[in-house]
file query.csv (CSV, N, CA and C atoms)
chain,number,residue,atom,x,y,z
A,1,MET,N,33.1,37.8,-9.2
A,1,MET,CA,33.0,37.1,-10.5
A,1,MET,C,32.0,35.9,-10.3
A,2,GLN,N,31.0,35.8,-11.2
A,2,GLN,CA,30.1,34.8,-11.2
A,2,GLN,C,30.6,33.5,-11.8
A,3,ASN,N,30.3,32.4,-11.3
A,3,ASN,CA,30.7,31.1,-11.8
A,3,ASN,C,29.5,30.5,-12.6
A,4,HIS,N,29.7,30.6,-13.9
A,4,HIS,CA,28.6,30.1,-14.8
A,4,HIS,C,28.6,28.6,-15.0
A,5,ASN,N,29.5,27.9,-14.3
A,5,ASN,CA,29.6,26.5,-14.4
A,5,ASN,C,28.9,25.8,-13.2
A,6,LEU,N,28.1,26.6,-12.4
A,6,LEU,CA,27.4,26.0,-11.3
A,6,LEU,C,26.3,25.1,-11.8
A,7,GLN,N,26.2,23.9,-11.2
A,7,GLN,CA,25.2,23.0,-11.5
A,7,GLN,C,23.8,23.5,-10.9
A,8,VAL,N,22.7,23.3,-11.6
A,8,VAL,CA,21.4,23.6,-11.1
A,8,VAL,C,21.2,22.7,-9.8
A,9,LYS,N,20.8,23.3,-8.7
A,9,LYS,CA,20.5,22.6,-7.5
A,9,LYS,C,19.0,22.3,-7.5
A,10,HIS,N,18.7,21.0,-7.2
A,10,HIS,CA,17.3,20.6,-7.2
A,10,HIS,C,16.9,20.3,-5.7
A,11,LEU,N,15.9,21.0,-5.2
A,11,LEU,CA,15.4,20.9,-3.9
A,11,LEU,C,14.0,20.2,-3.9
A,12,THR,N,13.7,19.5,-2.9
A,12,THR,CA,12.4,18.8,-2.7
A,12,THR,C,11.8,19.0,-1.3
A,13,GLU,N,10.7,18.4,-1.0
A,13,GLU,CA,10.1,18.6,0.3
A,13,GLU,C,11.0,18.1,1.4
A,14,SER,N,11.9,17.2,1.1
A,14,SER,CA,12.9,16.6,2.1
A,14,SER,C,13.9,17.7,2.6
A,15,ASP,N,14.0,18.8,1.8
A,15,ASP,CA,14.9,19.9,2.2
A,15,ASP,C,14.2,20.9,3.1
A,16,SER,N,12.9,20.8,3.3
A,16,SER,CA,12.2,21.7,4.2
A,16,SER,C,12.7,21.6,5.6
A,17,GLY,N,12.8,22.8,6.2
A,17,GLY,CA,13.3,22.8,7.6
A,17,GLY,C,14.8,22.9,7.7
A,18,LYS,N,15.5,22.8,6.6
A,18,LYS,CA,17.0,22.8,6.6
A,18,LYS,C,17.5,24.3,6.3
A,19,THR,N,18.7,24.5,6.7
A,19,THR,CA,19.3,25.8,6.2
A,19,THR,C,20.1,25.4,5.0
A,20,LEU,N,19.8,26.0,3.9
A,20,LEU,CA,20.4,25.7,2.6
A,20,LEU,C,21.4,26.8,2.2
A,21,THR,N,22.6,26.3,1.9
A,21,THR,CA,23.7,27.3,1.4
A,21,THR,C,23.8,27.2,-0.1
A,22,ILE,N,23.6,28.3,-0.7
A,22,ILE,CA,23.6,28.4,-2.2
A,22,ILE,C,24.5,29.6,-2.6
A,23,SER,N,25.1,29.4,-3.7
A,23,SER,CA,26.0,30.4,-4.2
A,23,SER,C,25.3,31.5,-5.0
A,24,LYS,N,25.8,32.8,-4.9
A,24,LYS,CA,25.3,33.9,-5.7
A,24,LYS,C,25.4,33.5,-7.2
A,25,GLY,N,24.4,33.8,-8.0
A,25,GLY,CA,24.3,33.5,-9.4
A,25,GLY,C,23.8,32.1,-9.7
A,26,GLN,N,23.6,31.2,-8.7
A,26,GLN,CA,23.2,29.9,-8.9
A,26,GLN,C,21.7,29.8,-9.2
A,27,ILE,N,21.3,28.9,-10.0
A,27,ILE,CA,19.9,28.6,-10.3
A,27,ILE,C,19.5,27.4,-9.5
A,28,PHE,N,18.3,27.4,-8.9
A,28,PHE,CA,17.9,26.2,-8.2
A,28,PHE,C,16.4,26.0,-8.4
A,29,THR,N,16.0,24.8,-8.3
A,29,THR,CA,14.6,24.4,-8.5
A,29,THR,C,14.1,23.8,-7.2
A,30,LEU,N,12.8,24.0,-7.0
A,30,LEU,CA,12.1,23.4,-5.8
A,30,LEU,C,10.9,22.7,-6.4
A,31,THR,N,10.8,21.4,-6.2
A,31,THR,CA,9.6,20.6,-6.7
A,31,THR,C,8.9,20.0,-5.5
A,32,LEU,N,7.6,20.3,-5.4
A,32,LEU,CA,6.8,19.8,-4.3
A,32,LEU,C,5.5,19.1,-4.9
A,33,PRO,N,5.0,18.1,-4.1
A,33,PRO,CA,3.8,17.4,-4.6
A,33,PRO,C,2.7,18.4,-4.4
A,34,ASN,N,1.8,18.5,-5.4
A,34,ASN,CA,0.7,19.4,-5.5
A,34,ASN,C,-0.6,18.5,-5.1
A,35,ARG,N,-1.1,18.8,-3.9
A,35,ARG,CA,-2.2,17.9,-3.4
A,35,ARG,C,-3.5,18.5,-3.9
A,36,VAL,N,-3.7,18.5,-5.2
A,36,VAL,CA,-4.9,19.1,-5.7
A,36,VAL,C,-6.1,18.2,-5.4
A,37,ALA,N,-5.9,16.9,-5.1
A,37,ALA,CA,-7.0,16.0,-4.8
A,37,ALA,C,-7.7,16.4,-3.4
A,38,GLY,N,-6.9,17.0,-2.6
A,38,GLY,CA,-7.4,17.5,-1.3
A,38,GLY,C,-8.0,18.9,-1.4
A,39,GLY,N,-8.0,19.5,-2.6
A,39,GLY,CA,-8.6,20.8,-2.8
A,39,GLY,C,-7.6,21.9,-2.5
A,40,TYR,N,-6.3,21.6,-2.2
A,40,TYR,CA,-5.3,22.6,-2.0
A,40,TYR,C,-4.7,23.2,-3.3
A,41,ARG,N,-4.4,24.4,-3.2
A,41,ARG,CA,-3.7,25.1,-4.3
A,41,ARG,C,-2.5,25.9,-3.7
A,42,PHE,N,-1.4,25.8,-4.4
A,42,PHE,CA,-0.2,26.6,-3.9
A,42,PHE,C,-0.5,28.1,-3.9
A,43,ASP,N,-0.1,28.7,-2.8
A,43,ASP,CA,-0.1,30.2,-2.7
A,43,ASP,C,1.1,30.7,-3.4
A,44,LYS,N,1.2,32.1,-3.5
A,44,LYS,CA,2.4,32.7,-4.0
A,44,LYS,C,3.6,32.4,-3.0
A,45,ALA,N,4.7,32.1,-3.6
A,45,ALA,CA,5.9,31.8,-2.8
A,45,ALA,C,6.3,33.0,-2.0
A,46,GLN,N,6.8,32.9,-0.8
A,46,GLN,CA,7.2,34.0,0.1
A,46,GLN,C,8.7,33.9,0.2
A,47,TYR,N,9.4,35.0,-0.1
A,47,TYR,CA,10.8,35.2,0.0
A,47,TYR,C,11.2,36.6,-0.3
A,48,ASP,N,12.4,37.0,0.0
A,48,ASP,CA,13.0,38.3,-0.3
A,48,ASP,C,13.3,38.4,-1.7
A,49,THR,N,12.5,39.3,-2.5
A,49,THR,CA,12.7,39.4,-3.9
A,49,THR,C,14.0,40.1,-4.3
A,50,SER,N,14.7,40.7,-3.3
A,50,SER,CA,16.0,41.2,-3.6
A,50,SER,C,17.1,40.2,-3.5
A,51,VAL,N,16.8,39.0,-3.0
A,51,VAL,CA,17.8,37.9,-2.8
A,51,VAL,C,17.5,36.8,-3.9
A,52,LEU,N,16.3,36.5,-4.1
A,52,LEU,CA,15.9,35.4,-5.1
A,52,LEU,C,15.0,36.0,-6.1
A,53,ARG,N,15.1,35.5,-7.4
A,53,ARG,CA,14.2,35.9,-8.5
A,53,ARG,C,13.5,34.6,-8.9
A,54,LEU,N,12.2,34.6,-9.0
A,54,LEU,CA,11.4,33.5,-9.5
A,54,LEU,C,11.5,33.6,-11.0
A,55,ASP,N,12.1,32.7,-11.7
A,55,ASP,CA,12.2,32.7,-13.1
A,55,ASP,C,11.0,32.0,-13.8
A,56,LYS,N,10.5,30.9,-13.2
A,56,LYS,CA,9.3,30.3,-13.7
A,56,LYS,C,8.7,29.3,-12.7
A,57,TYR,N,7.4,29.1,-12.9
A,57,TYR,CA,6.7,28.1,-12.1
A,57,TYR,C,6.0,27.2,-13.1
A,58,ILE,N,6.1,25.9,-12.9
A,58,ILE,CA,5.5,24.9,-13.7
A,58,ILE,C,4.6,24.0,-12.9
A,59,GLU,N,3.4,23.9,-13.3
A,59,GLU,CA,2.4,23.0,-12.6
A,59,GLU,C,2.1,21.8,-13.4
A,60,ARG,N,2.3,20.6,-12.9
A,60,ARG,CA,1.9,19.4,-13.6
A,60,ARG,C,0.8,18.7,-12.8
A,61,LEU,N,-0.4,18.6,-13.4
A,61,LEU,CA,-1.5,18.0,-12.7
A,61,LEU,C,-1.4,16.5,-12.8
A,62,PRO,N,-2.1,15.8,-11.9
A,62,PRO,CA,-2.1,14.3,-12.0
A,62,PRO,C,-2.6,13.8,-13.3
A,63,ALA,N,-2.1,12.7,-13.8
A,63,ALA,CA,-2.5,12.1,-15.1
A,63,ALA,C,-4.0,11.9,-15.0
A,64,ALA,N,-4.6,12.0,-16.2
A,64,ALA,CA,-6.1,11.9,-16.3
A,64,ALA,C,-6.6,10.5,-15.8
A,65,ASN,N,-5.8,9.5,-16.0
A,65,ASN,CA,-6.2,8.1,-15.6
A,65,ASN,C,-5.6,7.7,-14.3
A,66,SER,N,-5.0,8.6,-13.5
A,66,SER,CA,-4.4,8.2,-12.2
A,66,SER,C,-5.4,7.9,-11.2
A,67,ALA,N,-4.9,7.2,-10.1
A,67,ALA,CA,-5.8,6.8,-9.0
A,67,ALA,C,-6.3,8.0,-8.3
A,68,LEU,N,-7.5,7.8,-7.7
A,68,LEU,CA,-8.1,8.9,-6.9
A,68,LEU,C,-7.1,9.2,-5.8
A,69,GLY,N,-6.9,10.5,-5.5
A,69,GLY,CA,-6.0,10.9,-4.5
A,69,GLY,C,-4.6,11.2,-5.0
A,70,SER,N,-4.3,10.9,-6.2
A,70,SER,CA,-3.0,11.1,-6.8
A,70,SER,C,-2.7,12.6,-6.8
A,71,HIS,N,-1.4,12.9,-6.7
A,71,HIS,CA,-1.0,14.3,-6.7
A,71,HIS,C,-0.2,14.7,-8.0
A,72,GLY,N,-0.2,15.9,-8.3
A,72,GLY,CA,0.6,16.5,-9.3
A,72,GLY,C,1.9,17.0,-8.7
A,73,TRP,N,2.5,17.9,-9.4
A,73,TRP,CA,3.8,18.5,-8.9
A,73,TRP,C,3.8,20.0,-9.3
A,74,GLY,N,4.4,20.8,-8.4
A,74,GLY,CA,4.7,22.2,-8.7
A,74,GLY,C,6.2,22.4,-8.6
A,75,THR,N,6.7,23.0,-9.6
A,75,THR,CA,8.2,23.3,-9.6
A,75,THR,C,8.4,24.8,-9.8
A,76,TRP,N,9.2,25.3,-8.9
A,76,TRP,CA,9.6,26.7,-9.0
A,76,TRP,C,11.1,26.8,-9.4
A,77,GLN,N,11.5,27.7,-10.3
A,77,GLN,CA,12.9,27.9,-10.6
A,77,GLN,C,13.3,29.3,-10.2
A,78,PHE,N,14.3,29.4,-9.4
A,78,PHE,CA,14.8,30.6,-8.9
A,78,PHE,C,16.3,30.9,-9.3
A,79,THR,N,16.6,32.1,-9.4
A,79,THR,CA,18.0,32.6,-9.6
A,79,THR,C,18.4,33.4,-8.3
A,80,VAL,N,19.6,33.1,-7.8
A,80,VAL,CA,20.1,33.8,-6.6
A,80,VAL,C,20.7,35.1,-7.1
A,81,LEU,N,20.3,36.2,-6.5
A,81,LEU,CA,20.7,37.5,-7.0
A,81,LEU,C,21.9,38.1,-6.2
A,82,ARG,N,21.9,37.9,-4.9
A,82,ARG,CA,22.9,38.5,-4.1
A,82,ARG,C,23.2,37.7,-2.8
A,83,LYS,N,24.3,38.1,-2.2
A,83,LYS,CA,24.7,37.4,-0.9
A,83,LYS,C,23.9,38.0,0.2
A,84,ALA,N,23.1,37.2,0.8
A,84,ALA,CA,22.2,37.6,1.9
A,84,ALA,C,21.5,36.3,2.4
A,85,THR,N,20.6,36.4,3.3
A,85,THR,CA,19.8,35.3,3.8
A,85,THR,C,18.4,35.6,3.7
A,86,THR,N,17.6,34.7,3.3
A,86,THR,CA,16.1,34.8,3.2
A,86,THR,C,15.5,33.5,3.6
A,87,THR,N,14.2,33.6,4.0
A,87,THR,CA,13.4,32.4,4.2
A,87,THR,C,12.6,32.2,3.0
A,88,LEU,N,12.6,31.0,2.5
A,88,LEU,CA,11.7,30.6,1.3
A,88,LEU,C,10.6,29.7,1.9
A,89,LYS,N,9.4,30.2,1.7
A,89,LYS,CA,8.2,29.5,2.3
A,89,LYS,C,7.2,29.4,1.2
A,90,ILE,N,6.7,28.1,1.1
A,90,ILE,CA,5.6,27.8,0.2
A,90,ILE,C,4.4,27.3,1.0
A,91,THR,N,3.3,27.9,0.9
A,91,THR,CA,2.1,27.4,1.5
A,91,THR,C,1.1,27.0,0.5
A,92,ALA,N,0.1,26.2,0.9
A,92,ALA,CA,-1.0,25.8,0.0
A,92,ALA,C,-2.3,26.1,0.9
A,93,SER,N,-3.3,26.5,0.2
A,93,SER,CA,-4.6,26.7,0.9
A,93,SER,C,-5.7,26.2,0.0
A,94,ARG,N,-6.8,26.0,0.7
A,94,ARG,CA,-8.1,25.7,0.1
A,94,ARG,C,-8.8,27.0,-0.2
A,95,PRO,N,-9.3,27.2,-1.4
A,95,PRO,CA,-9.8,28.6,-1.7
A,95,PRO,C,-11.1,28.9,-1.0
A,96,TRP,N,-11.8,28.0,-0.4
A,96,TRP,CA,-13.1,28.4,0.2
A,96,TRP,C,-12.9,28.9,1.6
A,97,HIS,N,-13.8,29.6,2.1
A,97,HIS,CA,-13.7,30.2,3.4
A,97,HIS,C,-13.5,29.2,4.5
A,98,GLY,N,-12.5,29.3,5.3
A,98,GLY,CA,-12.2,28.3,6.4
A,98,GLY,C,-11.6,27.1,5.8
A,99,GLY,N,-11.1,27.1,4.6
A,99,GLY,CA,-10.6,25.9,4.0
A,99,GLY,C,-9.2,25.5,4.6
A,100,GLY,N,-8.5,26.5,5.2
A,100,GLY,CA,-7.2,26.2,5.8
A,100,GLY,C,-6.0,26.4,4.9
A,101,THR,N,-4.9,26.6,5.6
A,101,THR,CA,-3.6,26.7,4.9
A,101,THR,C,-2.6,25.8,5.5
A,102,ILE,N,-1.8,25.2,4.7
A,102,ILE,CA,-0.7,24.3,5.2
A,102,ILE,C,0.6,24.8,4.7
A,103,THR,N,1.7,24.6,5.5
A,103,THR,CA,3.0,25.0,5.0
A,103,THR,C,3.6,23.7,4.3
A,104,GLU,N,3.9,23.9,3.0
A,104,GLU,CA,4.4,22.7,2.3
A,104,GLU,C,6.0,22.7,2.3
A,105,PHE,N,6.6,23.9,2.5
A,105,PHE,CA,8.0,24.0,2.5
A,105,PHE,C,8.4,25.3,3.2
A,106,SER,N,9.5,25.2,4.0
A,106,SER,CA,10.0,26.4,4.7
A,106,SER,C,11.4,26.2,5.0
A,107,SER,N,12.3,26.9,4.4
A,107,SER,CA,13.8,26.8,4.7
A,107,SER,C,14.4,28.1,4.7
A,108,ILE,N,15.6,28.2,5.4
A,108,ILE,CA,16.4,29.4,5.3
A,108,ILE,C,17.4,29.2,4.2
A,109,VAL,N,17.5,30.2,3.3
A,109,VAL,CA,18.4,30.2,2.2
A,109,VAL,C,19.6,31.1,2.5
A,110,MET,N,20.8,30.6,2.7
A,110,MET,CA,21.9,31.5,2.9
A,110,MET,C,22.8,31.5,1.6
A,111,VAL,N,22.9,32.7,1.1
A,111,VAL,CA,23.7,32.9,-0.1
A,111,VAL,C,25.1,33.3,0.2
A,112,LYS,N,26.1,32.5,-0.3
A,112,LYS,CA,27.5,32.8,0.0
A,112,LYS,C,28.1,33.5,-1.2

call {"tool": "encode", "arguments": {"input": "query.csv", "output": "structure tokens"}}
result
Amino acid sequence: MQNHNLQVKHLTESDSGKTLTISKGQIFTLTLPNRVAGGYRFDKAQYDTSVLRLDKYIERLPAANSALGSHGWGTWQFTVLRKATTTLKITASRPWHGGGTITEFSSIVMVK
């Protein structure tokens, strides 16, 4: 039986590297700084699609009048589909050849 009274869980970059325990049927968000000023763009999120479903992705760019080097935000919203364990990994890369890739977030998600 699903509990529809579950609070939405909000994750940030400080949750990276942790083992996260989340309930089946729960919705959670992950918000990370988007380092567009460095030329990085988020890559497609990596996870087991039989465990998590990406409901939406929202990108907020830095404000037009913000200081040079300011970052925007990327927010992913997931729904947990079944009891299992998966790694959720978000990388960002520079689109040009040899631009490099960095891991922005990587955690183990255990669904109870």

call {"tool": "atom_distance", "arguments": {"input": "query.csv", "atom1": "atom CA of Leu32 of chain A", "atom2": "atom CA of Val51 of chain A"}}
result
21.2 Å

call {"tool": "closest_residue", "arguments": {"input": "query.csv", "among": "A:Leu88, A:Ala45, A:Leu54, A:Val80", "to": "Leu6 of chain A", "atoms": "only C-alpha atoms"}}
result
A:Val80

call {"tool": "residues_near_point", "arguments": {"input": "query.csv", "point": "(12.7, 34.5, -3.1)", "cutoff": "8 Å", "atoms": "all atoms listed in the file", "output": "VMD selection string"}}
result
chain A and resid 45 to 54 78 to 79 86 to 89

call {"tool": "closest_residue", "arguments": {"input": "query.csv", "among": "A:Ile90, A:Lys24, A:Lys83, A:Asn34", "to": "Ser106 of chain A", "atoms": "only C-alpha atoms"}}
result
A:Ile90

call {"tool": "residues_around", "arguments": {"input": "query.csv", "residues": "Tyr57 of chain A", "least_positions_apart": "6", "cutoff": "8 Å", "atoms": "all atoms listed in the file", "output": "PyMOL selection string"}}
result
chain A and resi 74-78

call {"tool": "select_by_dssp", "arguments": {"input": "query.csv", "residues": "segment 10-39 of chain A", "states": "strand (DSSP E)", "output": "NGL selection string"}}
result
:A and (10-12 or 19-22 or 27-34)

call {"tool": "closest_residue", "arguments": {"input": "query.csv", "among": "A:Thr31, A:Gly38, A:Leu11, A:Thr103", "to": "Ser70 of chain A", "atoms": "only C-alpha atoms"}}
result
A:Gly38

call {"tool": "closest_residue", "arguments": {"input": "query.csv", "among": "A:Thr91, A:Asp43, A:Thr12, A:Thr85", "to": "Thr29 of chain A", "atoms": "only C-alpha atoms"}}
result
A:Thr12

call {"tool": "residues_around", "arguments": {"input": "query.csv", "residues": "Gly72 of chain A", "least_positions_apart": "2", "cutoff": "8 Å", "atoms": "only C-alpha atoms", "output": "PyMOL selection string"}}
result
chain A and resi 33-36+59-63+70+74

call {"tool": "write_last_selection", "arguments": {"input": "query.csv", "atoms": "N, CA and C atoms", "output": "PDB file, keeping the file's coordinate frame"}}
result
ATOM      1  N   PRO A  33       5.000  18.100  -4.100  1.00  0.00           N
ATOM      2  CA  PRO A  33       3.800  17.400  -4.600  1.00  0.00           C
ATOM      3  C   PRO A  33       2.700  18.400  -4.400  1.00  0.00           C
ATOM      4  N   ASN A  34       1.800  18.500  -5.400  1.00  0.00           N
ATOM      5  CA  ASN A  34       0.700  19.400  -5.500  1.00  0.00           C
ATOM      6  C   ASN A  34      -0.600  18.500  -5.100  1.00  0.00           C
ATOM      7  N   ARG A  35      -1.100  18.800  -3.900  1.00  0.00           N
ATOM      8  CA  ARG A  35      -2.200  17.900  -3.400  1.00  0.00           C
ATOM      9  C   ARG A  35      -3.500  18.500  -3.900  1.00  0.00           C
ATOM     10  N   VAL A  36      -3.700  18.500  -5.200  1.00  0.00           N
ATOM     11  CA  VAL A  36      -4.900  19.100  -5.700  1.00  0.00           C
ATOM     12  C   VAL A  36      -6.100  18.200  -5.400  1.00  0.00           C
ATOM     13  N   GLU A  59       3.400  23.900 -13.300  1.00  0.00           N
ATOM     14  CA  GLU A  59       2.400  23.000 -12.600  1.00  0.00           C
ATOM     15  C   GLU A  59       2.100  21.800 -13.400  1.00  0.00           C
ATOM     16  N   ARG A  60       2.300  20.600 -12.900  1.00  0.00           N
ATOM     17  CA  ARG A  60       1.900  19.400 -13.600  1.00  0.00           C
ATOM     18  C   ARG A  60       0.800  18.700 -12.800  1.00  0.00           C
ATOM     19  N   LEU A  61      -0.400  18.600 -13.400  1.00  0.00           N
ATOM     20  CA  LEU A  61      -1.500  18.000 -12.700  1.00  0.00           C
ATOM     21  C   LEU A  61      -1.400  16.500 -12.800  1.00  0.00           C
ATOM     22  N   PRO A  62      -2.100  15.800 -11.900  1.00  0.00           N
ATOM     23  CA  PRO A  62      -2.100  14.300 -12.000  1.00  0.00           C
ATOM     24  C   PRO A  62      -2.600  13.800 -13.300  1.00  0.00           C
ATOM     25  N   ALA A  63      -2.100  12.700 -13.800  1.00  0.00           N
ATOM     26  CA  ALA A  63      -2.500  12.100 -15.100  1.00  0.00           C
ATOM     27  C   ALA A  63      -4.000  11.900 -15.000  1.00  0.00           C
ATOM     28  N   SER A  70      -4.300  10.900  -6.200  1.00  0.00           N
ATOM     29  CA  SER A  70      -3.000  11.100  -6.800  1.00  0.00           C
ATOM     30  C   SER A  70      -2.700  12.600  -6.800  1.00  0.00           C
ATOM     31  N   GLY A  74       4.400  20.800  -8.400  1.00  0.00           N
ATOM     32  CA  GLY A  74       4.700  22.200  -8.700  1.00  0.00           C
ATOM     33  C   GLY A  74       6.200  22.400  -8.600  1.00  0.00           C
TER      34      GLY A  74
END

call {"tool": "closest_residue", "arguments": {"input": "query.csv", "among": "A:Ala84, A:Ala67, A:Trp73, A:Lys44", "to": "Leu30 of chain A", "atoms": "only C-alpha atoms"}}
result
A:Trp73

call {"tool": "atom_distance", "arguments": {"input": "query.csv", "atom1": "atom C of Met110 of chain A", "atom2": "atom N of Leu20 of chain A"}}
result
6.7 Å

call {"tool": "atom_distance", "arguments": {"input": "query.csv", "atom1": "atom CA of Arg94 of chain A", "atom2": "atom CA of His71 of chain A"}}
result
15.1 Å

call {"tool": "closest_residue", "arguments": {"input": "query.csv", "among": "A:Gly98, A:Lys56, A:Arg82, A:Phe42", "to": "Gly25 of chain A", "atoms": "only N, CA and C atoms"}}
result
A:Arg82

call {"tool": "residues_near_point", "arguments": {"input": "query.csv", "point": "(27.9, 30.4, -0.7)", "cutoff": "7 Å", "atoms": "only C-alpha atoms", "output": "ChimeraX atom specification"}}
result
/A:21-24,111-112

call {"tool": "select_by_dssp", "arguments": {"input": "query.csv", "residues": "chain A", "states": "helix (DSSP H, G or I)", "output": "VMD selection string"}}
result
chain A and resid 13 to 15 36 to 38

call {"tool": "build_atoms", "arguments": {"input": "query.csv", "residues": "segment 85-93 of chain A", "atoms": "all heavy atoms", "output": "PDB file, keeping the file's coordinate frame"}}
result
ATOM      1  N   THR A  85      20.600  36.400   3.300  1.00  0.00           N
ATOM      2  CA  THR A  85      19.800  35.300   3.800  1.00  0.00           C
ATOM      3  C   THR A  85      18.400  35.600   3.700  1.00  0.00           C
ATOM      4  O   THR A  85      17.945  36.767   4.022  1.00  0.00           O
ATOM      5  CB  THR A  85      20.230  35.050   5.307  1.00  0.00           C
ATOM      6  OG1 THR A  85      21.619  34.757   5.357  1.00  0.00           O
ATOM      7  CG2 THR A  85      19.455  33.878   5.881  1.00  0.00           C
ATOM      8  N   THR A  86      17.600  34.700   3.300  1.00  0.00           N
ATOM      9  CA  THR A  86      16.100  34.800   3.200  1.00  0.00           C
ATOM     10  C   THR A  86      15.500  33.500   3.600  1.00  0.00           C
ATOM     11  O   THR A  86      16.064  32.466   3.502  1.00  0.00           O
ATOM     12  CB  THR A  86      15.667  35.315   1.840  1.00  0.00           C
ATOM     13  OG1 THR A  86      14.248  35.563   1.866  1.00  0.00           O
ATOM     14  CG2 THR A  86      15.967  34.304   0.757  1.00  0.00           C
ATOM     15  N   THR A  87      14.200  33.600   4.000  1.00  0.00           N
ATOM     16  CA  THR A  87      13.400  32.400   4.200  1.00  0.00           C
ATOM     17  C   THR A  87      12.600  32.200   3.000  1.00  0.00           C
ATOM     18  O   THR A  87      11.961  33.135   2.471  1.00  0.00           O
ATOM     19  CB  THR A  87      12.494  32.555   5.464  1.00  0.00           C
ATOM     20  OG1 THR A  87      13.314  32.720   6.616  1.00  0.00           O
ATOM     21  CG2 THR A  87      11.611  31.337   5.650  1.00  0.00           C
ATOM     22  N   LEU A  88      12.600  31.000   2.500  1.00  0.00           N
ATOM     23  CA  LEU A  88      11.700  30.600   1.300  1.00  0.00           C
ATOM     24  C   LEU A  88      10.600  29.700   1.900  1.00  0.00           C
ATOM     25  O   LEU A  88      10.865  28.710   2.516  1.00  0.00           O
ATOM     26  CB  LEU A  88      12.551  29.813   0.296  1.00  0.00           C
ATOM     27  CG  LEU A  88      11.758  29.216  -0.868  1.00  0.00           C
ATOM     28  CD1 LEU A  88      11.003  30.293  -1.637  1.00  0.00           C
ATOM     29  CD2 LEU A  88      12.678  28.442  -1.786  1.00  0.00           C
ATOM     30  N   LYS A  89       9.400  30.200   1.700  1.00  0.00           N
ATOM     31  CA  LYS A  89       8.200  29.500   2.300  1.00  0.00           C
ATOM     32  C   LYS A  89       7.200  29.400   1.200  1.00  0.00           C
ATOM     33  O   LYS A  89       6.837  30.301   0.499  1.00  0.00           O
ATOM     34  CB  LYS A  89       7.676  30.319   3.461  1.00  0.00           C
ATOM     35  CG  LYS A  89       6.542  29.624   4.187  1.00  0.00           C
ATOM     36  CD  LYS A  89       6.140  30.413   5.421  1.00  0.00           C
ATOM     37  CE  LYS A  89       5.031  29.713   6.193  1.00  0.00           C
ATOM     38  NZ  LYS A  89       4.647  30.479   7.374  1.00  0.00           N
ATOM     39  N   ILE A  90       6.700  28.100   1.100  1.00  0.00           N
ATOM     40  CA  ILE A  90       5.600  27.800   0.200  1.00  0.00           C
ATOM     41  C   ILE A  90       4.400  27.300   1.000  1.00  0.00           C
ATOM     42  O   ILE A  90       4.609  26.309   1.765  1.00  0.00           O
ATOM     43  CB  ILE A  90       6.014  26.721  -0.855  1.00  0.00           C
ATOM     44  CG1 ILE A  90       7.310  27.090  -1.568  1.00  0.00           C
ATOM     45  CG2 ILE A  90       4.868  26.434  -1.820  1.00  0.00           C
ATOM     46  CD1 ILE A  90       7.212  28.148  -2.623  1.00  0.00           C
ATOM     47  N   THR A  91       3.300  27.900   0.900  1.00  0.00           N
ATOM     48  CA  THR A  91       2.100  27.400   1.500  1.00  0.00           C
ATOM     49  C   THR A  91       1.100  27.000   0.500  1.00  0.00           C
ATOM     50  O   THR A  91       1.178  27.364  -0.697  1.00  0.00           O
ATOM     51  CB  THR A  91       1.481  28.468   2.459  1.00  0.00           C
ATOM     52  OG1 THR A  91       1.149  29.623   1.676  1.00  0.00           O
ATOM     53  CG2 THR A  91       2.439  28.862   3.577  1.00  0.00           C
ATOM     54  N   ALA A  92       0.100  26.200   0.900  1.00  0.00           N
ATOM     55  CA  ALA A  92      -1.000  25.800   0.000  1.00  0.00           C
ATOM     56  C   ALA A  92      -2.300  26.100   0.900  1.00  0.00           C
ATOM     57  O   ALA A  92      -2.294  25.864   2.075  1.00  0.00           O
ATOM     58  CB  ALA A  92      -0.902  24.389  -0.408  1.00  0.00           C
ATOM     59  N   SER A  93      -3.300  26.500   0.200  1.00  0.00           N
ATOM     60  CA  SER A  93      -4.600  26.700   0.900  1.00  0.00           C
ATOM     61  C   SER A  93      -5.700  26.200   0.000  1.00  0.00           C
ATOM     62  O   SER A  93      -5.637  26.064  -1.163  1.00  0.00           O
ATOM     63  CB  SER A  93      -4.730  28.191   1.256  1.00  0.00           C
ATOM     64  OG  SER A  93      -4.704  28.982   0.096  1.00  0.00           O
TER      65      SER A  93
END
